[in-house]
Amino acid sequence: MLRPADPSDRLRAIYRIRCDGADGIAARAQAIAVEQSIEMPLAAVDDDRIRREVVGRVEAITPAGAGTFEVVIGLAVETVGGDAGQLLNMLFGNSSLHEDVVLADVEFPAALVREFGGPRHGIAGLRRRSNVSARALTCTALKPQGLPPERLAQLAVRFAQGGIDYIKDDHGLADQDSAPFVVRLAAITGALRSAGCAARYVPSLSGDLDAVRRQLAAAIEAGVDTAMVAPMIMGFANFQRLVREHPGVAFLAHPAMAGAARIAPPLLIGKLFRLIGADAVIFPNHGGRFGYSAETCRVLADAARGEWDTLQPSVPVPAGGMSTTRVREMLDFYGTEVMLLIGGALLEAGERLPAATTAFVAEVANYSG
């Protein structure tokens, strides 16, 4: 088997590849190295520098069991150009079309990590916004789609009266006729302000880059300092642009469409979302509506908030069908450097919504490990 080369000047993309036997994996790995770099026959490259510095290099091949191999390919940093969209393209653009290939992880040169910059606020910033120093943060969601702005505003106030820290739009709330963005924004922020509530409203930004910029400008003018985006729908490059244009805004990243590509969730949601600026990353908790395992969730949370060069930690936000009966279990599992997101289970309380929210927040506040 091949042994790793010096990775200091390269991205090291780690793929899981299905292959029938060890005889064919070397050629398969080399084909992917070329596909993810120059995308043309190597024999047709007559420039020595490109062959030496730009062409992808197969650095290691290791059996991974069950007819799969782990393949490490070194990719030139210069091919990324500091562009988050191009980063994703170089890591997995064409190879995502191969059904037998998974992008499992990436090791980044320190200079590239610092260039992207990661979260501007992270755990510490989201704690400061909500005046929470030690306990886990709490969050809920406004739903369902179809409610008019005044009904959404009433829900927001009732959640806030229960002491919740963050109230986000459901990711399906966009600029729909039932609740246009600017009308919804004005109704919810106005209602929270009139009621003297401290909860932070987190609007969901949607549409093309021009629309998202208009929405974010309106939100900032209304006093909002935290917003939600779906990087896989918005696009990595557009999200990167928003983060750089609005350093005072904290961003929650929603995982919609994150399962559409064969990229390992801890890498995509925990690591790449963090790298390009997500201050908090929402993901499906194990045992909920989705199929993530406990181990996947643990690795994802560690990727989001673990030590990584100069980057601030992102807040892991386990969600997806969580109930208040699981609060202690989740805090035992993740610790308190986390934001617990419970939406539908609180909405089921109906008229008791403020009391159910108060009980949720109190259980989080009283947790002692």
# chains A, B, ... in the order shown; residues from 1 in each chain; ligands from 1
>>> residues_around(residues="Arg184 in chain A", least_positions_apart="5", cutoff="12 Å", atoms="only C-alpha atoms", output="PyMOL selection string")
chain A and resi 142+145-154+156+169+173-179+189-191+201-204+215+218-219+222
>>> residues_around(residues="Phe92 in chain A", least_positions_apart="3", cutoff="7 Å", atoms="only C-alpha atoms", output="compact mmCIF listing (two decimals) with C-alpha atoms, in the first residue's frame")
# COMPACT_ATOMS: atom_id res chain seq x y z
CA GLN A 36 -10.46 16.38 -8.90
CA LEU A 88 -16.31 22.26 -2.48
CA ASN A 89 -15.85 21.85 -6.22
CA SER A 95 -16.33 12.74 -8.04
CA SER A 96 -19.71 13.29 -6.38
CA LEU A 103 -15.91 12.32 0.71
>>> residues_around(residues="Leu272 in chain A", least_positions_apart="4", cutoff="9 Å", atoms="only C-alpha atoms", output="VMD selection string")
chain A and resid 88 118 266 to 268 276 to 278 304
>>> write_last_selection(atoms="N, CA and C atoms", output="PDB file, in the first residue's frame")
ATOM      1  N   LEU A  88     -15.447  23.424  -2.388  1.00  0.00           N
ATOM      2  CA  LEU A  88     -16.314  22.257  -2.483  1.00  0.00           C
ATOM      3  C   LEU A  88     -16.175  21.583  -3.844  1.00  0.00           C
ATOM      4  N   GLY A 118     -13.525  30.959   9.552  1.00  0.00           N
ATOM      5  CA  GLY A 118     -14.474  30.331  10.454  1.00  0.00           C
ATOM      6  C   GLY A 118     -15.479  31.292  11.059  1.00  0.00           C
ATOM      7  N   PRO A 266     -20.199  14.678   9.592  1.00  0.00           N
ATOM      8  CA  PRO A 266     -19.277  15.438  10.462  1.00  0.00           C
ATOM      9  C   PRO A 266     -18.376  16.378   9.675  1.00  0.00           C
ATOM     10  N   LEU A 267     -18.015  15.978   8.448  1.00  0.00           N
ATOM     11  CA  LEU A 267     -17.193  16.848   7.615  1.00  0.00           C
ATOM     12  C   LEU A 267     -18.008  18.019   7.084  1.00  0.00           C
ATOM     13  N   LEU A 268     -19.152  17.740   6.477  1.00  0.00           N
ATOM     14  CA  LEU A 268     -19.928  18.794   5.827  1.00  0.00           C
ATOM     15  C   LEU A 268     -20.528  19.768   6.829  1.00  0.00           C
ATOM     16  N   ILE A 276     -16.438  27.978   6.866  1.00  0.00           N
ATOM     17  CA  ILE A 276     -16.847  29.123   6.052  1.00  0.00           C
ATOM     18  C   ILE A 276     -17.687  30.128   6.825  1.00  0.00           C
ATOM     19  N   GLY A 277     -17.866  29.912   8.153  1.00  0.00           N
ATOM     20  CA  GLY A 277     -18.411  30.999   8.950  1.00  0.00           C
ATOM     21  C   GLY A 277     -19.648  30.728   9.773  1.00  0.00           C
ATOM     22  N   ALA A 278     -20.130  29.486   9.859  1.00  0.00           N
ATOM     23  CA  ALA A 278     -21.328  29.210  10.652  1.00  0.00           C
ATOM     24  C   ALA A 278     -21.003  29.302  12.143  1.00  0.00           C
ATOM     25  N   ALA A 304     -17.489  20.503  15.134  1.00  0.00           N
ATOM     26  CA  ALA A 304     -18.024  21.867  15.184  1.00  0.00           C
ATOM     27  C   ALA A 304     -17.348  22.713  16.251  1.00  0.00           C
TER      28      ALA A 304
END
>>> atom_distance(atom1="CA of Ala76 in chain A", atom2="CA of Arg10 in chain A")
5.1 Å
>>> closest_atom_pairs(of="range 81-110 of chain A", to="range 12-22 of chain A", cutoff="7 Å", atoms="only C-alpha atoms", output="JSON lines")
{"residue": "A:Leu91", "atom": "CA", "partner": "A:Ala13", "partner_atom": "CA", "distance": 6.5}
{"residue": "A:Asp100", "atom": "CA", "partner": "A:Arg18", "partner_atom": "CA", "distance": 5.2}
{"residue": "A:Val101", "atom": "CA", "partner": "A:Ile17", "partner_atom": "CA", "distance": 4.7}
{"residue": "A:Val102", "atom": "CA", "partner": "A:Arg16", "partner_atom": "CA", "distance": 5.0}
{"residue": "A:Leu103", "atom": "CA", "partner": "A:Tyr15", "partner_atom": "CA", "distance": 4.6}
{"residue": "A:Ala104", "atom": "CA", "partner": "A:Tyr15", "partner_atom": "CA", "distance": 5.3}
{"residue": "A:Asp105", "atom": "CA", "partner": "A:Ile14", "partner_atom": "CA", "distance": 5.1}
{"residue": "A:Val106", "atom": "CA", "partner": "A:Ala13", "partner_atom": "CA", "distance": 4.5}
{"residue": "A:Glu107", "atom": "CA", "partner": "A:Arg12", "partner_atom": "CA", "distance": 5.0}
{"residue": "A:Phe108", "atom": "CA", "partner": "A:Arg12", "partner_atom": "CA", "distance": 6.7}
>>> residues_around(residues="Pro247 in chain A", least_positions_apart="6", cutoff="10 Å", atoms="only C-alpha atoms", output="PDB file with C-alpha atoms, in the first residue's frame")
ATOM      1  CA  PRO A 119     -17.123  31.741  12.823  1.00  0.00           C
ATOM      2  CA  ARG A 120     -17.010  35.426  13.711  1.00  0.00           C
ATOM      3  CA  HIS A 121     -18.905  34.876  16.983  1.00  0.00           C
ATOM      4  CA  GLY A 277     -18.411  30.999   8.950  1.00  0.00           C
TER       5      GLY A 277
END
>>> residues_around(residues="Pro41 in chain A", least_positions_apart="6", cutoff="12 Å", atoms="only C-alpha atoms", output="count of residues only")
8
>>> atom_distance(atom1="CA of Val229 in chain A", atom2="CA of Val183 in chain A")
18.9 Å
>>> closest_residue(among="A:Val327, A:Met90, A:Val212, A:Val157", to="Ser194 in chain A", atoms="only C-alpha atoms")
A:Val157
>>> residues_around(residues="Ser133 in chain A", least_positions_apart="2", cutoff="12 Å", atoms="only C-alpha atoms", output="ChimeraX atom specification")
/A:123-131,135-137,336-337,365
>>> write_last_selection(atoms="C-alpha atoms", output="PDB file, in the first residue's frame")
ATOM      1  CA  ILE A 123     -20.240  29.805  21.147  1.00  0.00           C
ATOM      2  CA  ALA A 124     -18.960  32.791  23.124  1.00  0.00           C
ATOM      3  CA  GLY A 125     -20.739  35.307  20.903  1.00  0.00           C
ATOM      4  CA  LEU A 126     -24.071  33.509  20.978  1.00  0.00           C
ATOM      5  CA  ARG A 127     -23.804  33.269  24.761  1.00  0.00           C
ATOM      6  CA  ARG A 128     -23.165  37.026  25.013  1.00  0.00           C
ATOM      7  CA  ARG A 129     -26.157  37.800  22.810  1.00  0.00           C
ATOM      8  CA  SER A 130     -28.475  35.898  25.149  1.00  0.00           C
ATOM      9  CA  ASN A 131     -26.676  36.771  28.396  1.00  0.00           C
ATOM     10  CA  ARG A 135     -25.742  26.573  30.825  1.00  0.00           C
ATOM     11  CA  ALA A 136     -26.632  25.217  27.419  1.00  0.00           C
ATOM     12  CA  LEU A 137     -28.458  27.592  25.058  1.00  0.00           C
ATOM     13  CA  THR A 336     -23.401  22.291  28.013  1.00  0.00           C
ATOM     14  CA  GLU A 337     -21.465  23.810  25.091  1.00  0.00           C
ATOM     15  CA  ALA A 365     -30.724  25.754  33.572  1.00  0.00           C
TER      16      ALA A 365
END
>>> closest_residue(among="A:Asp23, A:Glu53, A:Asp332, A:Asp170", to="Thr79 in chain A", atoms="only C-alpha atoms")
A:Glu53
>>> select_by_dssp(residues="range 92-325 of chain A", states="alpha helix (DSSP H)", output="NGL selection string")
:A and (92 or 110-116 or 122-130 or 149-161 or 181-194 or 209-221 or 231-234 or 236-245 or 265 or 273-275 or 294-305)
>>> atom_distance(atom1="CA of Val54 in chain A", atom2="CA of Val113 in chain A")
19.5 Å
>>> residues_around(residues="Arg289 in chain A", least_positions_apart="5", cutoff="8 Å", atoms="only C-alpha atoms", output="PyMOL selection string")
chain A and resi 284+320-321
>>> write_last_selection(atoms="C-alpha atoms", output="PDB file, in the first residue's frame")
ATOM      1  CA  PRO A 284     -30.362  15.752  13.141  1.00  0.00           C
ATOM      2  CA  GLY A 320     -35.074  16.935  14.432  1.00  0.00           C
ATOM      3  CA  GLY A 321     -37.995  15.638  16.453  1.00  0.00           C
TER       4      GLY A 321
END
>>> select_by_dssp(residues="range 256-356 of chain A", states="strand (DSSP E)", output="PyMOL selection string")
chain A and resi 280-284+315-319+339-341
>>> closest_residue(among="A:Ile220, A:Val281, A:Val80, A:Ala294", to="Pro313 in chain A", atoms="only C-alpha atoms")
A:Val281
>>> closest_residue(among="A:Ile167, A:Asn94, A:Ala26, A:Ser323", to="Val72 in chain A", atoms="only C-alpha atoms")
A:Ala26
